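S.K.: I'm passing along start-v8.pdb; it holds PDB, C-alpha atoms, pLDDT in the B column.
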```pdb
ATOM      1  CA  LYS A  27      71.718 109.124-119.610  1.00 31.00           C
ATOM      2  CA  TYR A  28      70.801 106.349-122.003  1.00 30.00           C
ATOM      3  CA  GLU A  29      67.306 105.102-121.452  1.00 32.00           C
ATOM      4  CA  TRP A  30      65.644 102.011-122.811  1.00 31.00           C
ATOM      5  CA  GLU A  31      62.936 103.183-125.161  1.00 31.00           C
ATOM      6  CA  ARG A  32      61.119 101.708-128.086  1.00 31.00           C
ATOM      7  CA  LEU A  33      62.160 102.848-131.522  1.00 31.00           C
ATOM      8  CA  LYS A  34      60.302 105.865-132.865  1.00 31.00           C
ATOM      9  CA  SER A  35      60.703 107.026-136.427  1.00 30.00           C
ATOM     10  CA  SER A  36      61.606 110.546-135.311  1.00 30.00           C
ATOM     11  CA  ARG A  37      64.429 109.412-133.008  1.00 32.00           C
ATOM     12  CA  LEU A  38      68.060 108.468-133.504  1.00 31.00           C
ATOM     13  CA  PRO A  39      68.524 105.285-131.428  1.00 34.00           C
ATOM     14  CA  LEU A  40      71.839 103.731-130.531  1.00 32.00           C
ATOM     15  CA  MET A  41      72.527 100.116-129.722  1.00 33.00           C
ATOM     16  CA  PRO A  42      75.812  98.918-128.237  1.00 34.00           C
ATOM     17  CA  ARG A  43      77.866  96.430-130.195  1.00 34.00           C
ATOM     18  CA  ILE A  44      79.163  94.152-127.460  1.00 31.00           C
ATOM     19  CA  GLN A  45      80.469  90.685-126.747  1.00 33.00           C
ATOM     20  CA  THR A  46      80.736  88.736-123.503  1.00 32.00           C
ATOM     21  CA  ILE A  47      84.152  87.475-122.545  1.00 29.00           C
ATOM     22  CA  SER A  48      82.633  84.094-121.762  1.00 32.00           C
ATOM     23  CA  LEU A  49      80.099  82.273-123.861  1.00 31.00           C
ATOM     24  CA  LEU A  50      77.918  84.845-125.598  1.00 34.00           C
ATOM     25  CA  SER A  51      78.392  87.185-128.500  1.00 35.00           C
ATOM     26  CA  PHE A  52      75.901  89.949-129.044  1.00 35.00           C
ATOM     27  CA  PHE A  53      75.970  92.329-131.962  1.00 33.00           C
ATOM     28  CA  ALA A  54      73.914  95.462-132.369  1.00 34.00           C
ATOM     29  CA  THR A  55      74.228  98.662-134.338  1.00 32.00           C
ATOM     30  CA  LEU A  56      73.190 102.265-134.675  1.00 30.00           C
ATOM     31  CA  ALA A  57      69.871 102.206-136.495  1.00 32.00           C
ATOM     32  CA  VAL A  58      67.407 104.589-138.021  1.00 35.00           C
ATOM     33  CA  VAL A  59      64.757 102.557-139.768  1.00 35.00           C
ATOM     34  CA  ASN A  60      62.929 103.601-142.891  1.00 37.00           C
ATOM     35  CA  SER A  61      60.390 100.958-143.891  1.00 35.00           C
ATOM     36  CA  ALA A  62      60.702 101.924-147.547  1.00 37.00           C
ATOM     37  CA  ASP A  63      64.400 101.025-147.666  1.00 49.00           C
ATOM     38  CA  TYR A  64      66.219  97.705-147.898  1.00 72.00           C
ATOM     39  CA  GLY A  65      67.420  95.318-145.225  1.00 83.00           C
ATOM     40  CA  ARG A  66      65.500  93.285-142.678  1.00 88.00           C
ATOM     41  CA  TRP A  67      67.641  92.513-139.591  1.00 87.00           C
ATOM     42  CA  GLN A  68      67.377  94.908-136.642  1.00 88.00           C
ATOM     43  CA  TYR A  69      69.181  93.220-133.739  1.00 86.00           C
ATOM     44  CA  GLY A  70      69.507  89.894-131.993  1.00 89.00           C
ATOM     45  CA  ALA A  71      71.305  87.658-129.501  1.00 90.00           C
ATOM     46  CA  ILE A  72      72.430  84.026-129.448  1.00 93.00           C
ATOM     47  CA  SER A  73      72.875  81.649-126.504  1.00 93.00           C
ATOM     48  CA  TRP A  74      73.095  77.919-125.737  1.00 94.00           C
ATOM     49  CA  ARG A  75      72.351  75.464-122.950  1.00 91.00           C
ATOM     50  CA  LEU A  76      73.071  71.783-122.389  1.00 90.00           C
ATOM     51  CA  ILE A  77      69.930  69.630-122.509  1.00 89.00           C
ATOM     52  CA  THR A  78      71.496  66.143-122.055  1.00 85.00           C
ATOM     53  CA  THR A  79      74.397  64.910-119.923  1.00 77.00           C
ATOM     54  CA  ASP A  80      75.402  62.020-122.182  1.00 83.00           C
ATOM     55  CA  THR A  81      79.178  62.426-122.395  1.00 82.00           C
ATOM     56  CA  LEU A  82      79.306  60.457-125.659  1.00 85.00           C
ATOM     57  CA  ARG A  83      76.557  62.410-127.437  1.00 88.00           C
ATOM     58  CA  PRO A  84      75.914  65.697-125.614  1.00 90.00           C
ATOM     59  CA  THR A  85      72.986  67.664-127.038  1.00 92.00           C
ATOM     60  CA  VAL A  86      72.653  71.411-126.779  1.00 94.00           C
ATOM     61  CA  GLU A  87      69.869  73.857-127.506  1.00 95.00           C
ATOM     62  CA  ILE A  88      70.881  77.024-129.329  1.00 96.00           C
ATOM     63  CA  VAL A  89      68.447  79.942-129.105  1.00 95.00           C
ATOM     64  CA  VAL A  90      68.410  83.070-131.261  1.00 95.00           C
ATOM     65  CA  ASP A  91      66.207  85.977-130.207  1.00 94.00           C
ATOM     66  CA  SER A  92      65.829  88.445-133.047  1.00 93.00           C
ATOM     67  CA  ALA A  93      64.054  91.558-134.300  1.00 91.00           C
ATOM     68  CA  TRP A  94      63.205  92.230-137.943  1.00 92.00           C
ATOM     69  CA  ARG A  95      61.769  94.951-140.148  1.00 91.00           C
ATOM     70  CA  LEU A  96      58.150  93.887-140.499  1.00 92.00           C
ATOM     71  CA  SER A  97      57.645  95.568-143.883  1.00 90.00           C
ATOM     72  CA  ASP A  98      60.473  93.668-145.567  1.00 89.00           C
ATOM     73  CA  PRO A  99      59.029  91.563-148.440  1.00 87.00           C
ATOM     74  CA  SER A 100      60.710  88.405-147.101  1.00 88.00           C
ATOM     75  CA  ILE A 101      58.790  88.534-143.800  1.00 91.00           C
ATOM     76  CA  PHE A 102      55.575  86.603-144.425  1.00 91.00           C
ATOM     77  CA  VAL A 103      53.748  83.726-142.742  1.00 94.00           C
ATOM     78  CA  PHE A 104      55.201  80.409-143.847  1.00 92.00           C
ATOM     79  CA  GLY A 105      52.956  78.564-146.298  1.00 89.00           C
ATOM     80  CA  THR A 106      50.999  81.686-147.230  1.00 90.00           C
ATOM     81  CA  LYS A 107      51.497  85.044-148.895  1.00 86.00           C
ATOM     82  CA  GLU A 108      50.167  86.880-145.831  1.00 92.00           C
ATOM     83  CA  LYS A 109      52.282  89.346-143.888  1.00 93.00           C
ATOM     84  CA  VAL A 110      53.189  88.431-140.327  1.00 93.00           C
ATOM     85  CA  ALA A 111      50.581  89.964-138.028  1.00 93.00           C
ATOM     86  CA  ALA A 112      50.366  88.127-134.693  1.00 95.00           C
ATOM     87  CA  PRO A 113      52.310  86.122-132.086  1.00 96.00           C
ATOM     88  CA  GLY A 114      52.403  82.382-132.723  1.00 96.00           C
ATOM     89  CA  GLN A 115      52.939  82.713-136.460  1.00 96.00           C
ATOM     90  CA  MET A 116      56.159  81.542-138.100  1.00 96.00           C
ATOM     91  CA  PHE A 117      58.307  82.821-140.932  1.00 95.00           C
ATOM     92  CA  LYS A 118      61.445  81.483-142.572  1.00 93.00           C
ATOM     93  CA  VAL A 119      64.650  83.434-143.140  1.00 91.00           C
ATOM     94  CA  GLY A 120      66.223  82.503-146.461  1.00 84.00           C
ATOM     95  CA  ALA A 121      68.992  83.816-148.667  1.00 80.00           C
ATOM     96  CA  MET A 122      69.218  87.528-149.453  1.00 78.00           C
ATOM     97  CA  ASN A 123      71.578  89.471-151.724  1.00 69.00           C
ATOM     98  CA  HIS A 124      73.265  86.204-152.717  1.00 70.00           C
ATOM     99  CA  GLN A 125      74.119  85.369-149.084  1.00 77.00           C
ATOM    100  CA  GLU A 126      72.734  82.169-147.591  1.00 87.00           C
ATOM    101  CA  THR A 127      71.370  81.989-144.057  1.00 91.00           C
ATOM    102  CA  VAL A 128      73.603  79.482-142.241  1.00 92.00           C
ATOM    103  CA  LEU A 129      73.961  78.270-138.661  1.00 95.00           C
ATOM    104  CA  ASP A 130      77.387  76.609-138.540  1.00 97.00           C
ATOM    105  CA  PHE A 131      77.799  74.301-135.522  1.00 96.00           C
ATOM    106  CA  ALA A 132      81.616  74.348-135.956  1.00 95.00           C
ATOM    107  CA  ASP A 133      81.889  70.557-135.995  1.00 94.00           C
ATOM    108  CA  GLY A 134      81.700  70.174-139.759  1.00 94.00           C
ATOM    109  CA  THR A 135      77.899  70.402-139.864  1.00 95.00           C
ATOM    110  CA  SER A 136      75.515  73.292-140.458  1.00 96.00           C
ATOM    111  CA  THR A 137      71.906  74.083-141.312  1.00 95.00           C
ATOM    112  CA  ASN A 138      70.259  76.538-143.685  1.00 93.00           C
ATOM    113  CA  GLN A 139      66.890  76.153-141.973  1.00 92.00           C
ATOM    114  CA  PHE A 140      66.152  79.237-139.898  1.00 93.00           C
ATOM    115  CA  ASP A 141      62.556  79.373-138.693  1.00 95.00           C
ATOM    116  CA  VAL A 142      61.423  82.305-136.560  1.00 96.00           C
ATOM    117  CA  SER A 143      58.480  81.890-134.175  1.00 97.00           C
ATOM    118  CA  VAL A 144      56.813  85.266-133.719  1.00 96.00           C
ATOM    119  CA  LEU A 145      56.690  86.632-130.167  1.00 95.00           C
ATOM    120  CA  SER A 146      55.290  90.099-130.848  1.00 94.00           C
ATOM    121  CA  VAL A 147      54.444  92.426-133.727  1.00 95.00           C
ATOM    122  CA  ASP A 148      54.319  96.232-133.857  1.00 92.00           C
ATOM    123  CA  SER A 149      53.144  97.467-137.229  1.00 90.00           C
ATOM    124  CA  ASP A 150      53.367 101.131-136.190  1.00 91.00           C
ATOM    125  CA  GLU A 151      57.072 100.815-135.470  1.00 86.00           C
ATOM    126  CA  ASP A 152      57.665  98.255-138.231  1.00 90.00           C
ATOM    127  CA  PHE A 153      59.021  95.600-135.858  1.00 88.00           C
ATOM    128  CA  VAL A 154      58.537  91.869-135.433  1.00 94.00           C
ATOM    129  CA  LEU A 155      60.246  90.041-132.567  1.00 93.00           C
ATOM    130  CA  GLY A 156      60.859  86.316-132.751  1.00 95.00           C
ATOM    131  CA  ARG A 157      62.749  83.306-131.426  1.00 95.00           C
ATOM    132  CA  SER A 158      64.486  80.441-133.196  1.00 96.00           C
ATOM    133  CA  VAL A 159      65.463  77.208-131.415  1.00 97.00           C
ATOM    134  CA  PHE A 160      67.944  74.635-132.712  1.00 97.00           C
ATOM    135  CA  GLN A 161      68.913  71.313-131.114  1.00 96.00           C
ATOM    136  CA  HIS A 162      72.251  69.805-132.045  1.00 96.00           C
ATOM    137  CA  THR A 163      74.160  66.729-130.885  1.00 95.00           C
ATOM    138  CA  TYR A 164      77.947  66.928-130.826  1.00 93.00           C
ATOM    139  CA  ILE A 165      80.315  63.981-131.060  1.00 87.00           C
ATOM    140  CA  PRO A 166      83.168  64.930-128.718  1.00 76.00           C
ATOM    141  CA  GLY A 167      86.667  64.519-130.086  1.00 78.00           C
ATOM    142  CA  SER A 168      89.842  66.448-129.493  1.00 73.00           C
ATOM    143  CA  LYS A 169      87.879  69.689-129.037  1.00 85.00           C
ATOM    144  CA  THR A 170      85.668  70.714-126.160  1.00 87.00           C
ATOM    145  CA  GLN A 171      84.690  74.162-127.460  1.00 92.00           C
ATOM    146  CA  TYR A 172      82.803  74.986-130.642  1.00 95.00           C
ATOM    147  CA  ASN A 173      82.052  78.494-131.902  1.00 95.00           C
ATOM    148  CA  ALA A 174      78.528  78.052-133.270  1.00 96.00           C
ATOM    149  CA  THR A 175      78.023  80.905-135.753  1.00 95.00           C
ATOM    150  CA  LEU A 176      74.904  82.315-137.369  1.00 95.00           C
ATOM    151  CA  SER A 177      75.445  84.245-140.630  1.00 92.00           C
ATOM    152  CA  LEU A 178      72.738  85.946-142.678  1.00 91.00           C
ATOM    153  CA  CYS A 179      71.848  89.080-144.636  1.00 87.00           C
ATOM    154  CA  CYS A 180      71.088  91.936-144.239  1.00 85.00           C
ATOM    155  CA  ARG A 181      71.012  94.740-141.685  1.00 83.00           C
ATOM    156  CA  ALA A 182      68.198  97.266-142.047  1.00 83.00           C
ATOM    157  CA  ALA A 183      68.733 100.585-143.792  1.00 79.00           C
ATOM    158  CA  GLY A 184      70.031 103.387-141.625  1.00 68.00           C
ATOM    159  CA  ASN A 185      72.451 101.189-139.718  1.00 64.00           C
ATOM    160  CA  GLN A 186      76.081 102.216-139.526  1.00 62.00           C
ATOM    161  CA  ASN A 187      76.724  99.104-141.650  1.00 68.00           C
ATOM    162  CA  ASP A 188      73.350  98.834-143.389  1.00 71.00           C
ATOM    163  CA  ASN A 189      72.687  96.154-145.985  1.00 74.00           C
ATOM    164  CA  LEU A 190      75.731  94.198-144.813  1.00 77.00           C
ATOM    165  CA  GLY A 191      75.754  90.719-143.337  1.00 82.00           C
ATOM    166  CA  VAL A 192      75.013  89.691-139.762  1.00 87.00           C
ATOM    167  CA  ARG A 193      77.122  87.337-137.651  1.00 88.00           C
ATOM    168  CA  LEU A 194      76.293  86.031-134.164  1.00 90.00           C
ATOM    169  CA  ILE A 195      78.631  83.681-132.280  1.00 92.00           C
ATOM    170  CA  THR A 196      78.240  81.604-129.114  1.00 93.00           C
ATOM    171  CA  THR A 197      80.970  79.327-127.744  1.00 92.00           C
ATOM    172  CA  VAL A 198      79.553  75.905-126.874  1.00 93.00           C
ATOM    173  CA  ASP A 199      81.739  74.498-124.082  1.00 90.00           C
ATOM    174  CA  LEU A 200      81.314  70.721-123.768  1.00 88.00           C
ATOM    175  CA  SER A 201      83.739  70.512-120.840  1.00 83.00           C
ATOM    176  CA  VAL A 202      80.732  71.223-118.599  1.00 77.00           C
ATOM    177  CA  VAL A 203      79.022  67.958-119.591  1.00 74.00           C
ATOM    178  CA  SER A 204      80.819  65.826-116.995  1.00 65.00           C
ATOM    179  CA  SER A 205      81.377  68.595-114.466  1.00 61.00           C
ATOM    180  CA  SER A 206      79.366  69.492-111.421  1.00 54.00           C
ATOM    181  CA  LEU A 207      79.092  73.097-112.505  1.00 49.00           C
ATOM    182  CA  GLN A 208      75.674  74.695-112.338  1.00 54.00           C
ATOM    183  CA  SER A 209      76.584  76.781-115.360  1.00 60.00           C
ATOM    184  CA  ARG A 210      75.902  74.370-118.208  1.00 79.00           C
ATOM    185  CA  GLY A 211      75.250  76.964-120.832  1.00 86.00           C
ATOM    186  CA  SER A 212      75.991  80.513-121.870  1.00 87.00           C
ATOM    187  CA  PRO A 213      74.691  83.710-120.330  1.00 84.00           C
ATOM    188  CA  VAL A 214      71.383  84.726-121.853  1.00 85.00           C
ATOM    189  CA  ILE A 215      70.676  88.262-122.996  1.00 81.00           C
ATOM    190  CA  GLN A 216      67.268  89.238-124.251  1.00 70.00           C
ATOM    191  CA  ALA A 217      67.377  91.076-127.569  1.00 60.00           C
ATOM    192  CA  ALA A 218      67.895  94.502-126.051  1.00 60.00           C
ATOM    193  CA  PRO A 219      65.641  97.388-127.104  1.00 59.00           C
ATOM    194  CA  LEU A 220      67.246 100.344-128.804  1.00 65.00           C
ATOM    195  CA  ALA A 221      68.640 102.992-126.479  1.00 67.00           C
ATOM    196  CA  MET A 222      68.269 106.730-126.862  1.00 68.00           C
ATOM    197  CA  LEU A 223      71.430 108.819-127.080  1.00 70.00           C
ATOM    198  CA  ARG A 224      71.220 112.131-125.252  1.00 77.00           C
ATOM    199  CA  PRO A 225      73.950 114.393-126.721  1.00 79.00           C
ATOM    200  CA  GLY A 226      76.345 115.869-124.198  1.00 82.00           C
ATOM    201  CA  PRO A 227      79.965 115.953-123.031  1.00 85.00           C
ATOM    202  CA  SER A 228      79.516 113.606-120.066  1.00 84.00           C
ATOM    203  CA  PRO A 229      80.044 109.812-120.311  1.00 81.00           C
ATOM    204  CA  GLN A 230      76.823 107.927-120.900  1.00 79.00           C
ATOM    205  CA  SER A 231      75.721 104.546-119.569  1.00 78.00           C
ATOM    206  CA  PHE A 232      72.847 102.093-119.764  1.00 75.00           C
ATOM    207  CA  ALA A 233      72.058  98.602-118.488  1.00 75.00           C
ATOM    208  CA  VAL A 234      72.322  95.401-120.536  1.00 76.00           C
ATOM    209  CA  PRO A 235      69.869  92.817-119.144  1.00 76.00           C
ATOM    210  CA  ALA A 236      71.401  89.346-118.909  1.00 80.00           C
ATOM    211  CA  VAL A 237      70.933  86.095-116.977  1.00 81.00           C
ATOM    212  CA  SER A 238      73.720  83.710-115.981  1.00 78.00           C
ATOM    213  CA  ALA A 239      73.280  80.012-116.722  1.00 74.00           C
ATOM    214  CA  ALA A 240      74.229  79.457-113.069  1.00 69.00           C
ATOM    215  CA  GLY A 241      71.332  81.610-111.893  1.00 69.00           C
ATOM    216  CA  ALA A 242      71.682  84.376-109.340  1.00 66.00           C
ATOM    217  CA  ALA A 243      74.983  82.932-108.114  1.00 65.00           C
ATOM    218  CA  GLY A 244      76.553  83.601-111.494  1.00 67.00           C
ATOM    219  CA  PHE A 245      75.582  87.254-111.883  1.00 65.00           C
ATOM    220  CA  ALA A 246      78.818  88.538-110.370  1.00 69.00           C
ATOM    221  CA  ARG A 247      80.835  86.614-112.959  1.00 72.00           C
ATOM    222  CA  LEU A 248      79.169  88.186-115.991  1.00 77.00           C
ATOM    223  CA  ARG A 249      81.504  90.499-117.888  1.00 78.00           C
ATOM    224  CA  TRP A 250      81.163  92.472-121.101  1.00 76.00           C
ATOM    225  CA  ARG A 251      83.627  93.900-123.599  1.00 76.00           C
ATOM    226  CA  LEU A 252      83.530  95.429-127.041  1.00 73.00           C
ATOM    227  CA  ALA A 253      83.830  92.906-129.849  1.00 73.00           C
ATOM    228  CA  PRO A 254      87.413  92.768-131.180  1.00 76.00           C
ATOM    229  CA  ALA A 255      88.209  94.364-134.527  1.00 73.00           C
ATOM    230  CA  ALA A 256      88.695  90.915-136.093  1.00 72.00           C
ATOM    231  CA  LEU A 257      84.945  90.309-135.834  1.00 65.00           C
ATOM    232  CA  TYR A 258      84.054  93.443-137.790  1.00 63.00           C
ATOM    233  CA  ALA A 259      83.822  93.502-141.556  1.00 56.00           C
ATOM    234  CA  PRO A 260      86.422  95.685-143.330  1.00 55.00           C
ATOM    235  CA  GLY A 261      85.430  99.336-143.300  1.00 49.00           C
ATOM    236  CA  VAL A 262      82.743  98.883-140.635  1.00 48.00           C
TER     237      VAL A 262
END
```
Here is a file; write its structure as structure tokens.

M.R.:
Amino acid sequence: KYEWERLKSSRLPLMPRIQTISLLSFFATLAVVNSADYGRWQYGAISWRLITTDTLRPTVEIVVDSAWRLSDPSIFVFGTKEKVAAPGQMFKVGAMNHQETVLDFADGTSTNQFDVSVLSVDSDEDFVLGRSVFQHTYIPGSKTQYNATLSLCCRAAGNQNDNLGVRLITTVDLSVVSSSLQSRGSPVIQAAPLAMLRPGPSPQSFAVPAVSAAGAAGFARLRWRLAPAALYAPGV
């Protein structure tokens, strides 16, 4: 059985690479982390929720929960040269390997500003967990759905696709603005911990913790599927 366990340097953890069929994309990869190697991104998840009901200028909040390799040289407290060490600190995620960090709102606008507020730090396991929050106002036109996409570099060494780019997608559905639906946002998945793979011939399974935007009433409607091949980079 897969079990949720924290990453240990002597273990070979496996994360599922999955995508909801509704409003949330979640990418994760097989990882064995060596703090002396390259790459900084471990895993993460993206979600959105409606925060205004103005049909002419609906505003959404996009949240990215993420985990990073603490020892990467780019992870330091903003405004200082000090390494991240405690919750409440903030670091910025900039370009790496000639790839910019971009959150594309899919309406012709984007931002390169990606600030991560630190939630927890584990120096022994070389992890820092953080959250990034973006507010964006859409001007509705002929579209009601926008695939907001976060792109950045690079995945930590030891991943199946190490040192390659990261892409997270969430579909912002503005048709809910004028509806009476409780579900005015995407499902929310916490950045899942790495899962241990126990070798064996039998099928394995593990839980993926998620919350419906409609609350408990929406749990039964949550569905998962593997991300389609079109979302994978060539050769990955």

S.K.: For A:Pro166, which of A:Asp98, A:Glu108, A:Glu87, A:Asp199 is the closest residue, counting all atoms listed in the file?

M.R.: A:Asp199

S.K.: When you draw a straight line from atom CA of A:Gly134 to atom CA of A:Val86, how long is it in Å?

M.R.: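 These two atoms are separated by 15.9 Å.
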
S.K.: Give me the residues within 12 Å of A:Asn173 as a PDB file with C-alpha atoms, keeping the file's coordinate frame, counting all atoms listed in the file and dropping any in the same chain fewer than 6 places off.

M.R.:
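Printed below is part28.pdb as written:
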```pdb
ATOM      1  CA  SER A  48      82.633  84.094-121.762  1.00 32.00           C
ATOM      2  CA  LEU A  49      80.099  82.273-123.861  1.00 31.00           C
ATOM      3  CA  LEU A  50      77.918  84.845-125.598  1.00 34.00           C
ATOM      4  CA  SER A  51      78.392  87.185-128.500  1.00 35.00           C
ATOM      5  CA  ILE A  72      72.430  84.026-129.448  1.00 93.00           C
ATOM      6  CA  SER A  73      72.875  81.649-126.504  1.00 93.00           C
ATOM      7  CA  TRP A  74      73.095  77.919-125.737  1.00 94.00           C
ATOM      8  CA  ILE A  88      70.881  77.024-129.329  1.00 96.00           C
ATOM      9  CA  LEU A 129      73.961  78.270-138.661  1.00 95.00           C
ATOM     10  CA  ASP A 130      77.387  76.609-138.540  1.00 97.00           C
ATOM     11  CA  PHE A 131      77.799  74.301-135.522  1.00 96.00           C
ATOM     12  CA  ALA A 132      81.616  74.348-135.956  1.00 95.00           C
ATOM     13  CA  ASP A 133      81.889  70.557-135.995  1.00 94.00           C
ATOM     14  CA  GLY A 134      81.700  70.174-139.759  1.00 94.00           C
ATOM     15  CA  SER A 136      75.515  73.292-140.458  1.00 96.00           C
ATOM     16  CA  ARG A 193      77.122  87.337-137.651  1.00 88.00           C
ATOM     17  CA  LEU A 194      76.293  86.031-134.164  1.00 90.00           C
ATOM     18  CA  ILE A 195      78.631  83.681-132.280  1.00 92.00           C
ATOM     19  CA  THR A 196      78.240  81.604-129.114  1.00 93.00           C
ATOM     20  CA  THR A 197      80.970  79.327-127.744  1.00 92.00           C
ATOM     21  CA  VAL A 198      79.553  75.905-126.874  1.00 93.00           C
ATOM     22  CA  ASP A 199      81.739  74.498-124.082  1.00 90.00           C
ATOM     23  CA  LEU A 200      81.314  70.721-123.768  1.00 88.00           C
ATOM     24  CA  SER A 212      75.991  80.513-121.870  1.00 87.00           C
TER      25      SER A 212
END
```

S.K.: I'd like the residues picked by the PyMOL selection byres ((chain A and resi 103) around 10) written out as a ChimeraX atom specification, using the chain letters and numbers from the file.

M.R.: /A:100-102,104-112,115-118,142-144

S.K.: Name the residues, using the chain letters and numbers of the file, that sit within 12 Å of (56.7, 96.2, -132.9) when counting all atoms listed in the file, and give them as JSON, numbers by chain.

M.R.: {"A": [32, 33, 34, 68, 92, 93, 94, 95, 96, 97, 110, 111, 112, 113, 144, 145, 146, 147, 148, 149, 150, 151, 152, 153, 154, 155, 156, 219]}

S.K.: Next, dump the selected residues to file, keeping only C-alpha atoms, as a short mmCIF file (atom, residue, chain, number, x, y, z; two decimals), in the coordinates of the input.

M.R.:
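Final output, saved to part00.cif:
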```cif
data_model
loop_
_atom_site.label_atom_id
_atom_site.label_comp_id
_atom_site.auth_asym_id
_atom_site.auth_seq_id
_atom_site.Cartn_x
_atom_site.Cartn_y
_atom_site.Cartn_z
CA ARG A 32 61.12 101.71 -128.09
CA LEU A 33 62.16 102.85 -131.52
CA LYS A 34 60.30 105.86 -132.86
CA GLN A 68 67.38 94.91 -136.64
CA SER A 92 65.83 88.44 -133.05
CA ALA A 93 64.05 91.56 -134.30
CA TRP A 94 63.20 92.23 -137.94
CA ARG A 95 61.77 94.95 -140.15
CA LEU A 96 58.15 93.89 -140.50
CA SER A 97 57.64 95.57 -143.88
CA VAL A 110 53.19 88.43 -140.33
CA ALA A 111 50.58 89.96 -138.03
CA ALA A 112 50.37 88.13 -134.69
CA PRO A 113 52.31 86.12 -132.09
CA VAL A 144 56.81 85.27 -133.72
CA LEU A 145 56.69 86.63 -130.17
CA SER A 146 55.29 90.10 -130.85
CA VAL A 147 54.44 92.43 -133.73
CA ASP A 148 54.32 96.23 -133.86
CA SER A 149 53.14 97.47 -137.23
CA ASP A 150 53.37 101.13 -136.19
CA GLU A 151 57.07 100.82 -135.47
CA ASP A 152 57.66 98.26 -138.23
CA PHE A 153 59.02 95.60 -135.86
CA VAL A 154 58.54 91.87 -135.43
CA LEU A 155 60.25 90.04 -132.57
CA GLY A 156 60.86 86.32 -132.75
CA PRO A 219 65.64 97.39 -127.10
#
```

S.K.: Exactly which residues make up the result of the PyMOL selection byres ((chain A and resi 189) around 6) on this file, given as a ChimeraX atom specification?

M.R.: /A:65,180-181,188,190

S.K.: What's the separation between atom CA of A:Arg249 and atom CA of A:Val128, in Å to one decimal place?

M.R.: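 It comes out at 27.9 Å.
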
S.K.: What separation in Å, quoted to one decimal, exists between atom CA of A:Thr170 and atom CA of A:Val202?

M.R.: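 Interatomic distance, atom CA of A:Thr170 to atom CA of A:Val202: 9.0 Å.
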
S.K.: Starting from the shown file, work through the PyMOL selection byres ((chain A and resi 214) around 7) and note down what comes out as a list in words.

M.R.: Ser73, Ser212, Pro213, Ile215, Gln216, Ala236, Val237 and Ser238 of chain A

S.K.: As an MDAnalysis selection string, please: the residues near A:Ser201 (cut-off 10 Å, only C-alpha atoms, same-chain neighbours under 6 positions excluded).

M.R.: chainID A and resid 81 166 169:171 207 210

S.K.: Using all atoms listed in the file for the distances, tell me which of A:Arg83, A:Arg251, A:His124, A:Arg75 is nearest to A:Cys179.

M.R.: A:His124

S.K.: Pick the closest to A:Gln125 from A:Ser177, A:Thr137, A:Ser231, A:Ser158: which is it, counting all atoms listed in the file?

M.R.: A:Ser177

S.K.: With only C-alpha atoms as the basis for distance, which of A:Val234, A:Leu178, A:Leu82, A:Leu223 is at the shortest distance from A:Ala121?

M.R.: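 Under the stated criterion, the closest residue is A:Leu178.
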